[in-house]
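Text of target-v7.txt (compact mmCIF, N, CA, C and O atoms) as supplied:
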```txt
# COMPACT_ATOMS: atom_id res chain seq x y z
N MET A 26 -39.17 0.70 6.02
CA MET A 26 -37.87 1.19 6.35
C MET A 26 -37.44 2.19 5.28
O MET A 26 -37.47 1.90 4.10
N GLU A 27 -37.02 3.36 5.72
CA GLU A 27 -36.56 4.37 4.77
C GLU A 27 -35.10 4.14 4.42
O GLU A 27 -34.31 3.72 5.26
N GLN A 28 -34.78 4.42 3.20
CA GLN A 28 -33.40 4.32 2.77
C GLN A 28 -32.90 5.68 2.34
O GLN A 28 -33.59 6.39 1.60
N ALA A 29 -31.74 6.03 2.81
CA ALA A 29 -31.14 7.30 2.41
C ALA A 29 -30.51 7.10 1.03
O ALA A 29 -30.03 6.02 0.70
N PRO A 30 -30.54 8.14 0.22
CA PRO A 30 -29.91 8.02 -1.09
C PRO A 30 -28.40 7.82 -0.94
O PRO A 30 -27.79 8.26 0.04
N ALA A 31 -27.85 7.14 -1.88
CA ALA A 31 -26.40 6.92 -1.86
C ALA A 31 -25.70 8.28 -2.00
O ALA A 31 -26.17 9.15 -2.71
N PRO A 32 -24.59 8.46 -1.28
CA PRO A 32 -23.88 9.73 -1.39
C PRO A 32 -23.34 9.91 -2.80
O PRO A 32 -22.97 8.94 -3.47
N PHE A 33 -23.31 11.16 -3.25
CA PHE A 33 -22.82 11.46 -4.58
C PHE A 33 -21.32 11.22 -4.65
O PHE A 33 -20.57 11.62 -3.77
N THR A 34 -20.90 10.53 -5.65
CA THR A 34 -19.46 10.37 -5.89
C THR A 34 -19.17 10.83 -7.30
O THR A 34 -19.87 10.46 -8.25
N ASP A 35 -18.17 11.65 -7.41
CA ASP A 35 -17.77 12.19 -8.70
C ASP A 35 -17.03 11.12 -9.49
O ASP A 35 -15.99 10.63 -9.06
N PRO A 36 -17.53 10.74 -10.65
CA PRO A 36 -16.88 9.69 -11.44
C PRO A 36 -15.43 10.05 -11.82
O PRO A 36 -14.57 9.18 -11.87
N VAL A 37 -15.17 11.31 -12.05
CA VAL A 37 -13.81 11.74 -12.40
C VAL A 37 -12.88 11.52 -11.21
O VAL A 37 -11.76 11.04 -11.37
N GLU A 38 -13.36 11.84 -10.00
CA GLU A 38 -12.56 11.61 -8.80
C GLU A 38 -12.30 10.12 -8.60
O GLU A 38 -11.21 9.72 -8.21
N GLU A 39 -13.30 9.31 -8.86
CA GLU A 39 -13.14 7.86 -8.71
C GLU A 39 -12.09 7.32 -9.67
O GLU A 39 -11.26 6.49 -9.29
N ILE A 40 -12.10 7.80 -10.90
CA ILE A 40 -11.10 7.37 -11.88
C ILE A 40 -9.71 7.82 -11.46
O ILE A 40 -8.75 7.05 -11.53
N ASP A 41 -9.60 9.06 -10.98
CA ASP A 41 -8.32 9.58 -10.53
C ASP A 41 -7.79 8.77 -9.35
O ASP A 41 -6.61 8.42 -9.31
N THR A 42 -8.66 8.45 -8.41
CA THR A 42 -8.26 7.65 -7.25
C THR A 42 -7.80 6.26 -7.68
O THR A 42 -6.78 5.77 -7.22
N GLU A 43 -8.54 5.66 -8.60
CA GLU A 43 -8.17 4.33 -9.10
C GLU A 43 -6.81 4.37 -9.79
O GLU A 43 -5.98 3.47 -9.62
N ARG A 44 -6.54 5.41 -10.54
CA ARG A 44 -5.23 5.55 -11.20
C ARG A 44 -4.10 5.67 -10.18
O ARG A 44 -3.03 5.08 -10.35
N ARG A 45 -4.34 6.46 -9.12
CA ARG A 45 -3.32 6.61 -8.08
C ARG A 45 -3.06 5.30 -7.36
O ARG A 45 -1.90 4.95 -7.10
N VAL A 46 -4.11 4.58 -7.04
CA VAL A 46 -3.95 3.29 -6.36
C VAL A 46 -3.19 2.32 -7.25
O VAL A 46 -2.27 1.62 -6.79
N THR A 47 -3.53 2.29 -8.52
CA THR A 47 -2.83 1.42 -9.47
C THR A 47 -1.36 1.80 -9.54
O THR A 47 -0.48 0.92 -9.56
N ARG A 48 -1.05 3.09 -9.55
CA ARG A 48 0.34 3.54 -9.61
C ARG A 48 1.10 3.13 -8.35
O ARG A 48 2.25 2.69 -8.42
N VAL A 49 0.48 3.27 -7.19
CA VAL A 49 1.14 2.89 -5.93
C VAL A 49 1.48 1.41 -5.96
O VAL A 49 2.61 1.01 -5.64
N TRP A 50 0.54 0.56 -6.37
CA TRP A 50 0.81 -0.88 -6.39
C TRP A 50 1.84 -1.24 -7.46
O TRP A 50 2.60 -2.19 -7.29
N ALA A 51 1.91 -0.47 -8.54
CA ALA A 51 2.97 -0.69 -9.53
C ALA A 51 4.33 -0.38 -8.91
O ALA A 51 5.31 -1.10 -9.14
N LEU A 52 4.39 0.68 -8.11
CA LEU A 52 5.64 1.02 -7.43
C LEU A 52 5.99 -0.01 -6.37
O LEU A 52 7.17 -0.29 -6.15
N VAL A 53 4.99 -0.57 -5.71
CA VAL A 53 5.25 -1.63 -4.72
C VAL A 53 5.95 -2.80 -5.41
O VAL A 53 6.86 -3.40 -4.84
N GLU A 54 5.56 -3.10 -6.63
CA GLU A 54 6.18 -4.20 -7.37
C GLU A 54 7.66 -3.97 -7.64
O GLU A 54 8.40 -4.90 -7.87
N GLU A 55 8.10 -2.72 -7.58
CA GLU A 55 9.51 -2.38 -7.83
C GLU A 55 10.37 -2.45 -6.55
O GLU A 55 11.58 -2.30 -6.63
N LEU A 56 9.73 -2.63 -5.40
CA LEU A 56 10.47 -2.71 -4.14
C LEU A 56 11.26 -4.01 -4.06
O LEU A 56 11.02 -4.94 -4.84
N SER A 57 12.16 -4.09 -3.09
CA SER A 57 12.88 -5.34 -2.87
C SER A 57 11.86 -6.42 -2.49
O SER A 57 10.76 -6.11 -2.00
N PRO A 58 12.20 -7.69 -2.70
CA PRO A 58 11.25 -8.75 -2.37
C PRO A 58 10.77 -8.72 -0.91
O PRO A 58 9.59 -8.94 -0.64
N GLN A 59 11.69 -8.42 0.02
CA GLN A 59 11.32 -8.38 1.44
C GLN A 59 10.35 -7.22 1.72
O GLN A 59 9.36 -7.38 2.43
N GLN A 60 10.66 -6.06 1.16
CA GLN A 60 9.79 -4.90 1.37
C GLN A 60 8.44 -5.12 0.71
O GLN A 60 7.39 -4.83 1.29
N ARG A 61 8.44 -5.66 -0.50
CA ARG A 61 7.19 -5.92 -1.21
C ARG A 61 6.32 -6.90 -0.43
O ARG A 61 5.11 -6.69 -0.28
N ALA A 62 6.92 -7.95 0.11
CA ALA A 62 6.17 -8.93 0.89
C ALA A 62 5.58 -8.29 2.14
O ALA A 62 4.40 -8.51 2.46
N ALA A 63 6.37 -7.49 2.83
CA ALA A 63 5.89 -6.85 4.06
C ALA A 63 4.72 -5.90 3.77
O ALA A 63 3.71 -5.91 4.48
N VAL A 64 4.85 -5.10 2.71
CA VAL A 64 3.78 -4.16 2.36
C VAL A 64 2.52 -4.92 1.94
O VAL A 64 1.41 -4.58 2.36
N THR A 65 2.70 -5.94 1.13
CA THR A 65 1.55 -6.71 0.66
C THR A 65 0.82 -7.39 1.81
O THR A 65 -0.41 -7.32 1.91
N LEU A 66 1.58 -8.01 2.70
CA LEU A 66 0.95 -8.69 3.84
C LEU A 66 0.28 -7.69 4.78
O LEU A 66 -0.78 -7.98 5.34
N SER A 67 0.86 -6.53 4.92
CA SER A 67 0.29 -5.51 5.80
C SER A 67 -0.94 -4.84 5.17
O SER A 67 -2.01 -4.80 5.79
N CYS A 68 -0.79 -4.34 3.96
CA CYS A 68 -1.85 -3.53 3.34
C CYS A 68 -2.95 -4.34 2.66
O CYS A 68 -4.13 -4.03 2.81
N ARG A 69 -2.56 -5.36 1.93
CA ARG A 69 -3.57 -6.15 1.21
C ARG A 69 -4.20 -7.22 2.07
O ARG A 69 -5.39 -7.48 1.98
N GLU A 70 -3.37 -7.86 2.90
CA GLU A 70 -3.87 -8.97 3.71
C GLU A 70 -4.29 -8.52 5.11
O GLU A 70 -4.95 -9.27 5.82
N GLY A 71 -3.86 -7.33 5.53
CA GLY A 71 -4.26 -6.81 6.83
C GLY A 71 -3.60 -7.50 8.01
O GLY A 71 -4.14 -7.46 9.13
N LEU A 72 -2.45 -8.12 7.79
CA LEU A 72 -1.77 -8.81 8.88
C LEU A 72 -1.06 -7.83 9.81
O LEU A 72 -0.56 -6.80 9.37
N ALA A 73 -0.99 -8.19 11.07
CA ALA A 73 -0.25 -7.42 12.06
C ALA A 73 1.24 -7.71 11.91
O ALA A 73 1.64 -8.74 11.34
N THR A 74 2.06 -6.84 12.45
CA THR A 74 3.51 -6.99 12.38
C THR A 74 3.95 -8.35 12.88
O THR A 74 4.79 -9.02 12.28
N LYS A 75 3.38 -8.78 13.99
CA LYS A 75 3.72 -10.09 14.58
C LYS A 75 3.45 -11.23 13.60
O LYS A 75 4.26 -12.14 13.44
N ASP A 76 2.32 -11.15 12.92
CA ASP A 76 1.94 -12.20 11.96
C ASP A 76 2.82 -12.16 10.71
O ASP A 76 3.18 -13.20 10.17
N ILE A 77 3.15 -10.96 10.26
CA ILE A 77 4.03 -10.82 9.10
C ILE A 77 5.39 -11.42 9.44
O ILE A 77 5.99 -12.13 8.62
N ALA A 78 5.88 -11.13 10.64
CA ALA A 78 7.17 -11.68 11.08
C ALA A 78 7.15 -13.21 11.04
O ALA A 78 8.11 -13.83 10.59
N ALA A 79 6.05 -13.80 11.46
CA ALA A 79 5.94 -15.26 11.45
C ALA A 79 5.93 -15.81 10.02
O ALA A 79 6.60 -16.79 9.72
N VAL A 80 5.19 -15.14 9.14
CA VAL A 80 5.12 -15.59 7.74
C VAL A 80 6.48 -15.49 7.07
O VAL A 80 6.90 -16.38 6.34
N LEU A 81 7.17 -14.37 7.30
CA LEU A 81 8.46 -14.13 6.64
C LEU A 81 9.64 -14.76 7.39
O LEU A 81 10.77 -14.70 6.90
N ASN A 82 9.37 -15.28 8.57
CA ASN A 82 10.40 -15.89 9.40
C ASN A 82 11.52 -14.90 9.74
O ASN A 82 12.71 -15.20 9.60
N VAL A 83 11.09 -13.71 10.15
CA VAL A 83 12.02 -12.66 10.59
C VAL A 83 11.47 -12.06 11.88
O VAL A 83 10.35 -12.36 12.29
N SER A 84 12.25 -11.19 12.51
CA SER A 84 11.78 -10.55 13.74
C SER A 84 10.76 -9.45 13.42
O SER A 84 10.70 -8.94 12.29
N GLU A 85 10.00 -9.07 14.43
CA GLU A 85 9.06 -7.97 14.26
C GLU A 85 9.79 -6.67 13.94
O GLU A 85 9.31 -5.86 13.15
N ALA A 86 10.96 -6.49 14.54
CA ALA A 86 11.76 -5.29 14.26
C ALA A 86 12.16 -5.24 12.79
O ALA A 86 12.12 -4.17 12.16
N THR A 87 12.51 -6.38 12.24
CA THR A 87 12.87 -6.43 10.82
C THR A 87 11.67 -6.08 9.94
O THR A 87 11.81 -5.36 8.95
N VAL A 88 10.50 -6.56 10.30
CA VAL A 88 9.28 -6.21 9.56
C VAL A 88 9.06 -4.71 9.60
O VAL A 88 8.79 -4.08 8.57
N ARG A 89 9.21 -4.11 10.78
CA ARG A 89 9.02 -2.66 10.90
C ARG A 89 10.03 -1.90 10.03
O ARG A 89 9.68 -0.90 9.40
N VAL A 90 11.26 -2.39 9.98
CA VAL A 90 12.29 -1.74 9.14
C VAL A 90 11.89 -1.85 7.67
O VAL A 90 11.96 -0.87 6.92
N HIS A 91 11.47 -3.04 7.24
CA HIS A 91 11.06 -3.23 5.84
C HIS A 91 9.90 -2.29 5.50
O HIS A 91 9.90 -1.66 4.43
N LEU A 92 8.92 -2.21 6.38
CA LEU A 92 7.77 -1.34 6.13
C LEU A 92 8.18 0.12 6.09
O LEU A 92 7.75 0.87 5.20
N HIS A 93 9.01 0.54 7.02
CA HIS A 93 9.45 1.93 7.06
C HIS A 93 10.20 2.30 5.78
O HIS A 93 9.94 3.33 5.16
N ARG A 94 11.14 1.46 5.39
CA ARG A 94 11.94 1.73 4.19
C ARG A 94 11.06 1.71 2.93
O ARG A 94 11.24 2.53 2.03
N ALA A 95 10.14 0.77 2.88
CA ALA A 95 9.25 0.68 1.72
C ALA A 95 8.38 1.93 1.61
O ALA A 95 8.27 2.52 0.52
N LEU A 96 7.80 2.36 2.71
CA LEU A 96 6.95 3.54 2.67
C LEU A 96 7.75 4.79 2.35
O LEU A 96 7.27 5.67 1.61
N SER A 97 8.97 4.88 2.85
CA SER A 97 9.83 6.03 2.52
C SER A 97 10.13 6.05 1.03
O SER A 97 10.07 7.11 0.38
N THR A 98 10.43 4.89 0.47
CA THR A 98 10.71 4.79 -0.96
C THR A 98 9.49 5.16 -1.78
O THR A 98 9.58 5.92 -2.76
N LEU A 99 8.33 4.66 -1.40
CA LEU A 99 7.10 4.97 -2.12
C LEU A 99 6.79 6.46 -2.07
O LEU A 99 6.44 7.05 -3.09
N ARG A 100 6.93 7.07 -0.90
CA ARG A 100 6.68 8.52 -0.77
C ARG A 100 7.61 9.30 -1.68
O ARG A 100 7.20 10.23 -2.37
N ARG A 101 8.89 8.92 -1.66
CA ARG A 101 9.88 9.62 -2.48
C ARG A 101 9.55 9.48 -3.97
O ARG A 101 9.54 10.46 -4.72
N ARG A 102 9.25 8.27 -4.41
CA ARG A 102 8.96 8.05 -5.83
C ARG A 102 7.68 8.74 -6.27
O ARG A 102 7.61 9.28 -7.37
N LEU A 103 6.68 8.73 -5.41
CA LEU A 103 5.44 9.42 -5.74
C LEU A 103 5.65 10.93 -5.77
O LEU A 103 5.09 11.63 -6.61
N GLY A 104 6.48 11.44 -4.85
CA GLY A 104 6.79 12.86 -4.82
C GLY A 104 7.58 13.28 -6.03
O GLY A 104 7.40 14.39 -6.56
N ASP A 105 8.47 12.41 -6.51
CA ASP A 105 9.26 12.71 -7.71
C ASP A 105 8.39 12.84 -8.95
O ASP A 105 8.75 13.52 -9.90
N GLU A 106 7.23 12.18 -8.92
CA GLU A 106 6.33 12.25 -10.07
C GLU A 106 5.54 13.54 -10.11
O GLU A 106 4.91 13.85 -11.10
N GLY A 107 5.59 14.25 -8.98
CA GLY A 107 5.00 15.58 -8.91
C GLY A 107 3.56 15.64 -8.84
O GLY A 107 2.82 16.45 -9.04
```

Show me, as structure tokens, the structure contained in the file I just sent.
Amino acid sequence: MEQAPAPFTDPVEEIDTERRVTRVWALVEELSPQQRAAVTLSCREGLATKDIAAVLNVSEATVRVHLHRALSTLRRRLGDEG
């Protein structure tokens, strides 16, 4: 069986990506508890809106609002950093 070589990845790009990801999760920690929980359950745990609603004991609409507001806040804060 032939194996293709692993695709080239630039180590500098990997470090830059890791720094950005770390920064995003640091900003997530600054969100309200409800927004932080919704983002964490959605992005880290991969739960669907319905499942997040069950875990948080809120409606699906409330989960969508928390996610929308959290993502808006994150975009704004990341944009402010330039």

*asked:* Could you list, as number ranges by chain, every residue within 9 Å of A:Ala63, counting only C-alpha atoms and ignoring same-chain residues fewer than 3 positions away?
replied: A: 58-60, 66-68, 74, 77-78, 81, 88-89, 91-92, 95

_Using DSSP assignments from the backbone, pull out every residue in chain A that falls under alpha helix (DSSP H) and give it to me as a VMD selection string._
chain A and resid 36 to 53 58 to 64 74 to 81 85 to 105

*Mind giving me the straight-line distance from atom N of A:Leu72 to atom CA of A:Leu96 in Å, one decimal?*
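According to the coordinates, atom N of A:Leu72 and atom CA of A:Leu96 are separated by 15.8 Å.
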
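Using all atoms listed in the file for every distance, the candidate list A:Glu70, A:Leu99, A:Ala29, A:Ala86 yields A:Leu99 as the residue closest to A:Val53.
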
*Pick from A:Asp41, A:His93, A:Arg61, A:Thr87 nearest to A:Lys75, counting only C-alpha atoms*: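 The closest residue to A:Lys75 is A:Thr87.
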
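Taking atom N of A:Ser97 and atom O of A:Pro36 as the two end points, the separation is 28.1 Å.
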
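A straight line drawn from atom C of A:Thr42 to atom O of A:Glu55 is 21.2 Å long.
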
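Every polymer residue reaching to within 12 Å of (7.5, 7.3, -6.1), counting only C-alpha atoms, appears in this list: Arg45, Arg48, Val49, Trp50, Ala51, Leu52, Val53, Glu54, Glu55, Leu56, Ala95, Leu96, Ser97, Thr98, Leu99, Arg100, Arg101, Arg102, Leu103, Gly104, Asp105, Glu106 and Gly107 of chain A.
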